[in-house]
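Q: Take a look at this one; I'll ask things after.
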Amino acid sequence: MHSPEEASLRRQLAACYRIFDLLGWTELIYNHISVRIPGTPDHFLINPFGLHYSEVTASNLVRIDLEGRIVGEARHPVNPAGFVLHAALHRGLPGAHCVMHTHTTAGSAVACSAAGLSRDNFYAAQLHERVAYHDFEGITVRPEEGPRVVAAIGDKPAVILRNHGLLSWGPNLPFAFAVLWTLQRACEIQLATAALGPAIPIPEAVQRRCSADSLQFDPRLGGGADVYAALERLVARRDPSYRD
Ligand SMILES: [Zn+2]
């Protein structure tokens with residue numbers, strides 16, 4: 001039996017996988033959303049390897065340690081190589097209880113562009129001084145890359161992995177989701193704007209104000225909790241099996 005805290009976290013994380021599926025943020029059976037189990041010495045929940053995000057449920061999530069080894073019983077394997085990047089953040093960033101990573105087309109396209117993220121749209125302006133970049137070193141399966149990723153990220157919750165994709169991290173799932181959603185929207189709008197010609201620049205002072213006023217990042221307002229709860233209700237109406 002899982003503790004009440006772990007059982008609740010399992011439902012919240014399973015909902016997150018279904019939310020990603022709803023938004024089209026899937027990559028076949030690849031990529032991960034991982035979260036630290038409260039009160040445990042570096043144990044995490046992660047998706048079972050081989051299943052699509054739409055098949056993830058509270059009970060088939062797998063408990064692993066920082067090395068990606070399964071702790072306890074599991075019906076499915078995990079992808080330890082895929083966890084290496086997540087482990088680097090969980091290990092190296094004190095506030096990284098949750099890490100999520102995507103290869104969406106818009107996010108990967110911006111990650112591949114030499115100019116990186118434009119600051120000239122509504123969502124990008126909210127991420128002023130919240131975005132870190134990490135240069136591509138190949139598929140992120142080598143632990144020795146970890147300290148360089150951590151150093152590149154510093155305290156910035158939105159991460160563009162150059163030539164690769166997007167990542168976010170934070171104290172909990174709703175906050176990391178709010179960051180990743182904002183970054184994803186910024187990338188999508190950047191691509192659409194580029195098709196129309198030059199964007200109208202947003203002055204840096206306005207970017208700063210946007211970042212300061214960005215409600216979904218305010219911990220006093222729940223840091224994205226209301227958005228996350230609404231999306232969880234949405235996936236529950238579509239298919240409540242994630243709770244199983
Ligand atoms: Zn990746």
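We label chains A, B, ... in the order they appear in the structure tokens, count residues from 1 in each chain, and number ligands from 1 in the order shown.
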May I ask you to write as a PyMOL selection string all residues lying at most 9 Å from ligand 1, with only C-alpha atoms and all ligand atoms counted?
A: chain A and resi 30-32+82+85+101-103+139-140+161+164-167
Q: Export C-alpha atoms of the chosen residues as a compact mmCIF listing (two decimals), in the first residue's frame?
A:
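Done, and the output landed in out-v8.txt:
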```txt
# COMPACT_ATOMS: atom_id res chain seq x y z
CA TYR A 30 9.42 8.56 -24.94
CA ASN A 31 10.05 11.50 -22.62
CA HIS A 32 9.24 11.79 -18.95
CA GLY A 82 15.85 8.55 -20.21
CA LEU A 85 18.64 14.21 -17.46
CA HIS A 101 10.52 17.51 -20.64
CA THR A 102 9.01 17.64 -24.12
CA HIS A 103 9.99 17.38 -27.76
CA ILE A 139 21.40 12.34 -26.38
CA THR A 140 21.24 13.07 -22.66
CA LEU A 161 17.83 22.37 -24.43
CA HIS A 164 16.71 19.18 -28.50
CA GLY A 165 13.57 20.40 -26.72
CA LEU A 166 12.00 22.09 -23.73
CA LEU A 167 12.15 21.37 -20.01
```
Q: Please list as a PDB file with C-alpha atoms, in the first residue's frame every residue within 9 Å of A:Glu6, counting only C-alpha atoms and excluding residues in the same chain fewer than 4 positions away.
A:
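Here's the written file result26.pdb:
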```pdb
ATOM      1  CA  HIS A   2       1.146   3.513  -0.735  1.00  0.00           C
ATOM      2  CA  ARG A  10       0.340   9.224  -8.112  1.00  0.00           C
ATOM      3  CA  ARG A  11      -3.107  10.479  -9.138  1.00  0.00           C
ATOM      4  CA  ILE A  37       7.903  11.367  -3.407  1.00  0.00           C
ATOM      5  CA  PRO A  38       7.609  13.487  -0.247  1.00  0.00           C
TER       6      PRO A  38
END
```
Q: Contacts of A:Arg238 at 10 Å or less, counting only C-alpha atoms, minus same-chain residues fewer than 4 places along, as a list in words?
A: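 Surrounding residues, per the criterion: Arg18, Leu22, Glu232, Arg233 and Leu234 of chain A.
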Q: Using only N, CA, C and O atoms, please write the residues we just selected to a file, as a short mmCIF file (atom, residue, chain, number, x, y, z; two decimals), in the first residue's frame.
A:
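Saved result, result30.cif, follows:
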```
data_model
loop_
_atom_site.label_atom_id
_atom_site.label_comp_id
_atom_site.auth_asym_id
_atom_site.auth_seq_id
_atom_site.Cartn_x
_atom_site.Cartn_y
_atom_site.Cartn_z
N ARG A 18 -1.85 12.48 -18.71
CA ARG A 18 -3.04 12.58 -19.56
C ARG A 18 -3.23 14.01 -20.09
O ARG A 18 -3.71 14.21 -21.19
N LEU A 22 -3.49 15.16 -23.91
CA LEU A 22 -4.56 16.04 -24.38
C LEU A 22 -4.00 17.20 -25.19
O LEU A 22 -4.57 17.61 -26.20
N GLU A 232 -7.10 18.86 -14.82
CA GLU A 232 -7.31 17.51 -14.26
C GLU A 232 -8.79 17.13 -14.35
O GLU A 232 -9.13 16.00 -14.68
N ARG A 233 -9.69 18.09 -14.07
CA ARG A 233 -11.12 17.80 -14.22
C ARG A 233 -11.46 17.48 -15.68
O ARG A 233 -12.27 16.60 -15.96
N LEU A 234 -10.79 18.18 -16.59
CA LEU A 234 -11.04 17.93 -18.02
C LEU A 234 -10.64 16.51 -18.41
O LEU A 234 -11.40 15.80 -19.06
#
```
Q: With only C-alpha atoms as the atoms that count, which of A:Ala7, A:Ile160, A:Met1, A:Leu51 lies nearest to A:Gln184?
A: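 Looking at the shortest contact to A:Gln184, the residue is A:Ile160.
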Q: Please compute the atom CA of A:Pro201-atom CA of A:Asn163 distance, one decimal, in Å.
A: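 Separating atom CA of A:Pro201 from atom CA of A:Asn163 is a distance of 24.8 Å.
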Q: Residues at most 9 Å from stretch 225-231 of chain A, counting only C-alpha atoms, excluding those fewer than 5 positions away in the same chain, as a list of chain:residue names?
A: A:Ala15, A:Cys16, A:Ile19, A:Leu173, A:Pro174, A:Phe175, A:Phe177, A:Ala178, A:Gln216, A:Ala236
Q: If you run DSSP on this backbone, which residues of stretch 72-107 of chain A come out as strand (DSSP E or B), and could you give them as a list of chain:residue names?
A: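 Everything in stretch 72-107 of chain A that counts as strand (DSSP E or B) is A:Cys98, A:Val99, A:Met100, A:His101, A:Thr102.
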Q: Now that the selection is made, can you save its residues with all heavy atoms as a PDB file, in the first residue's frame?
A:
```pdb
ATOM      1  N   CYS A  98      10.018  18.402  -9.151  1.00  0.00           N
ATOM      2  CA  CYS A  98       9.310  17.944 -10.341  1.00  0.00           C
ATOM      3  C   CYS A  98      10.076  18.409 -11.575  1.00  0.00           C
ATOM      4  O   CYS A  98      10.541  19.552 -11.629  1.00  0.00           O
ATOM      5  CB  CYS A  98       7.902  18.546 -10.341  1.00  0.00           C
ATOM      6  SG  CYS A  98       7.006  18.218 -11.849  1.00  0.00           S
ATOM      7  N   VAL A  99      10.225  17.518 -12.558  1.00  0.00           N
ATOM      8  CA  VAL A  99      10.915  17.851 -13.815  1.00  0.00           C
ATOM      9  C   VAL A  99      10.068  17.318 -14.965  1.00  0.00           C
ATOM     10  O   VAL A  99       9.646  16.155 -14.932  1.00  0.00           O
ATOM     11  CB  VAL A  99      12.324  17.219 -13.872  1.00  0.00           C
ATOM     12  CG1 VAL A  99      12.985  17.509 -15.223  1.00  0.00           C
ATOM     13  CG2 VAL A  99      13.208  17.734 -12.733  1.00  0.00           C
ATOM     14  N   MET A 100       9.814  18.157 -15.954  1.00  0.00           N
ATOM     15  CA  MET A 100       9.083  17.706 -17.139  1.00  0.00           C
ATOM     16  C   MET A 100       9.802  18.145 -18.405  1.00  0.00           C
ATOM     17  O   MET A 100      10.429  19.204 -18.442  1.00  0.00           O
ATOM     18  CB  MET A 100       7.621  18.162 -17.120  1.00  0.00           C
ATOM     19  CG  MET A 100       7.328  19.513 -16.558  1.00  0.00           C
ATOM     20  SD  MET A 100       5.533  19.912 -16.474  1.00  0.00           S
ATOM     21  CE  MET A 100       4.994  19.030 -15.019  1.00  0.00           C
ATOM     22  N   HIS A 101       9.711  17.300 -19.434  1.00  0.00           N
ATOM     23  CA  HIS A 101      10.519  17.512 -20.642  1.00  0.00           C
ATOM     24  C   HIS A 101       9.705  17.100 -21.863  1.00  0.00           C
ATOM     25  O   HIS A 101       9.045  16.069 -21.839  1.00  0.00           O
ATOM     26  CB  HIS A 101      11.792  16.664 -20.504  1.00  0.00           C
ATOM     27  CG  HIS A 101      12.607  16.559 -21.741  1.00  0.00           C
ATOM     28  ND1 HIS A 101      12.991  17.650 -22.481  1.00  0.00           N
ATOM     29  CD2 HIS A 101      13.136  15.486 -22.385  1.00  0.00           C
ATOM     30  CE1 HIS A 101      13.716  17.249 -23.515  1.00  0.00           C
ATOM     31  NE2 HIS A 101      13.808  15.939 -23.483  1.00  0.00           N
ATOM     32  N   THR A 102       9.756  17.935 -22.889  1.00  0.00           N
ATOM     33  CA  THR A 102       9.006  17.639 -24.120  1.00  0.00           C
ATOM     34  C   THR A 102       9.868  17.829 -25.364  1.00  0.00           C
ATOM     35  O   THR A 102      10.894  18.527 -25.326  1.00  0.00           O
ATOM     36  CB  THR A 102       7.788  18.585 -24.265  1.00  0.00           C
ATOM     37  OG1 THR A 102       8.267  19.941 -24.254  1.00  0.00           O
ATOM     38  CG2 THR A 102       6.772  18.379 -23.155  1.00  0.00           C
TER      39      THR A 102
END
```
Q: Which polymer residues have any atom within 12 Å of an atom of A:Arg69, counting only C-alpha atoms, with same-chain residues fewer than 5 positions away left out, as a PyMOL selection string?
A: chain A and resi 42-46+62-64+74+77-81+83-84+87
Q: With C-alpha atoms retained, could you export that selection as a PDB file, in the first residue's frame?
A:
```pdb
ATOM      1  CA  ASP A  42      15.369  10.565  -3.198  1.00  0.00           C
ATOM      2  CA  HIS A  43      12.655   8.333  -4.558  1.00  0.00           C
ATOM      3  CA  PHE A  44      10.684   9.452  -7.583  1.00  0.00           C
ATOM      4  CA  LEU A  45       7.657   8.495  -9.625  1.00  0.00           C
ATOM      5  CA  ILE A  46       8.032   8.131 -13.379  1.00  0.00           C
ATOM      6  CA  VAL A  62       7.020   3.323 -11.217  1.00  0.00           C
ATOM      7  CA  ARG A  63       8.937   4.273  -8.080  1.00  0.00           C
ATOM      8  CA  ILE A  64      12.663   4.680  -8.786  1.00  0.00           C
ATOM      9  CA  ALA A  74       6.519  -2.612 -10.657  1.00  0.00           C
ATOM     10  CA  PRO A  77      10.132  -1.454 -16.713  1.00  0.00           C
ATOM     11  CA  VAL A  78      11.484   2.074 -16.739  1.00  0.00           C
ATOM     12  CA  ASN A  79      13.926   3.757 -19.104  1.00  0.00           C
ATOM     13  CA  PRO A  80      16.958   4.506 -16.892  1.00  0.00           C
ATOM     14  CA  ALA A  81      18.830   6.258 -19.724  1.00  0.00           C
ATOM     15  CA  PHE A  83      15.899   9.459 -16.517  1.00  0.00           C
ATOM     16  CA  VAL A  84      19.549  10.612 -16.559  1.00  0.00           C
ATOM     17  CA  ALA A  87      18.149  12.794 -12.226  1.00  0.00           C
TER      18      ALA A  87
END
```
Q: Which polymer residues have any atom within 6 Å of an atom of stretch 203-213 of chain A, counting only C-alpha atoms, with same-chain residues fewer than 5 positions away left out, as a PyMOL selection string?
A: chain A and resi 125-128
Q: Can I get the selection written as a PDB file, in the first residue's frame, with all heavy atoms?
A:
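The new file out_11.pdb reads:
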```pdb
ATOM      1  N   ALA A 125       7.210  37.240 -23.024  1.00  0.00           N
ATOM      2  CA  ALA A 125       7.477  38.410 -22.177  1.00  0.00           C
ATOM      3  C   ALA A 125       7.302  38.064 -20.693  1.00  0.00           C
ATOM      4  O   ALA A 125       7.928  38.671 -19.824  1.00  0.00           O
ATOM      5  CB  ALA A 125       6.554  39.564 -22.565  1.00  0.00           C
ATOM      6  N   GLN A 126       6.451  37.061 -20.410  1.00  0.00           N
ATOM      7  CA  GLN A 126       6.258  36.650 -19.007  1.00  0.00           C
ATOM      8  C   GLN A 126       7.419  35.809 -18.494  1.00  0.00           C
ATOM      9  O   GLN A 126       7.507  35.515 -17.305  1.00  0.00           O
ATOM     10  CB  GLN A 126       4.959  35.844 -18.873  1.00  0.00           C
ATOM     11  CG  GLN A 126       3.723  36.659 -19.206  1.00  0.00           C
ATOM     12  CD  GLN A 126       2.468  35.816 -19.132  1.00  0.00           C
ATOM     13  OE1 GLN A 126       2.289  35.044 -18.205  1.00  0.00           O
ATOM     14  NE2 GLN A 126       1.603  35.968 -20.118  1.00  0.00           N
ATOM     15  N   LEU A 127       8.273  35.389 -19.416  1.00  0.00           N
ATOM     16  CA  LEU A 127       9.399  34.519 -19.036  1.00  0.00           C
ATOM     17  C   LEU A 127      10.718  35.276 -18.979  1.00  0.00           C
ATOM     18  O   LEU A 127      11.792  34.669 -18.949  1.00  0.00           O
ATOM     19  CB  LEU A 127       9.507  33.351 -20.027  1.00  0.00           C
ATOM     20  CG  LEU A 127       8.335  32.365 -19.984  1.00  0.00           C
ATOM     21  CD1 LEU A 127       8.386  31.410 -21.172  1.00  0.00           C
ATOM     22  CD2 LEU A 127       8.331  31.585 -18.669  1.00  0.00           C
ATOM     23  N   HIS A 128      10.635  36.597 -18.930  1.00  0.00           N
ATOM     24  CA  HIS A 128      11.853  37.403 -18.864  1.00  0.00           C
ATOM     25  C   HIS A 128      12.707  36.978 -17.664  1.00  0.00           C
ATOM     26  O   HIS A 128      12.221  36.931 -16.530  1.00  0.00           O
ATOM     27  CB  HIS A 128      11.485  38.878 -18.738  1.00  0.00           C
ATOM     28  CG  HIS A 128      12.660  39.792 -18.742  1.00  0.00           C
ATOM     29  ND1 HIS A 128      13.515  39.892 -19.813  1.00  0.00           N
ATOM     30  CD2 HIS A 128      13.146  40.618 -17.794  1.00  0.00           C
ATOM     31  CE1 HIS A 128      14.473  40.759 -19.533  1.00  0.00           C
ATOM     32  NE2 HIS A 128      14.279  41.210 -18.311  1.00  0.00           N
TER      33      HIS A 128
END
```
Q: Please indicate the distance in Å from atom CA of A:Phe20 to atom CA of A:Pro143, rounded to one decimal place.
A: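 Spanning atom CA of A:Phe20 to atom CA of A:Pro143 is a straight-line distance of 26.6 Å.
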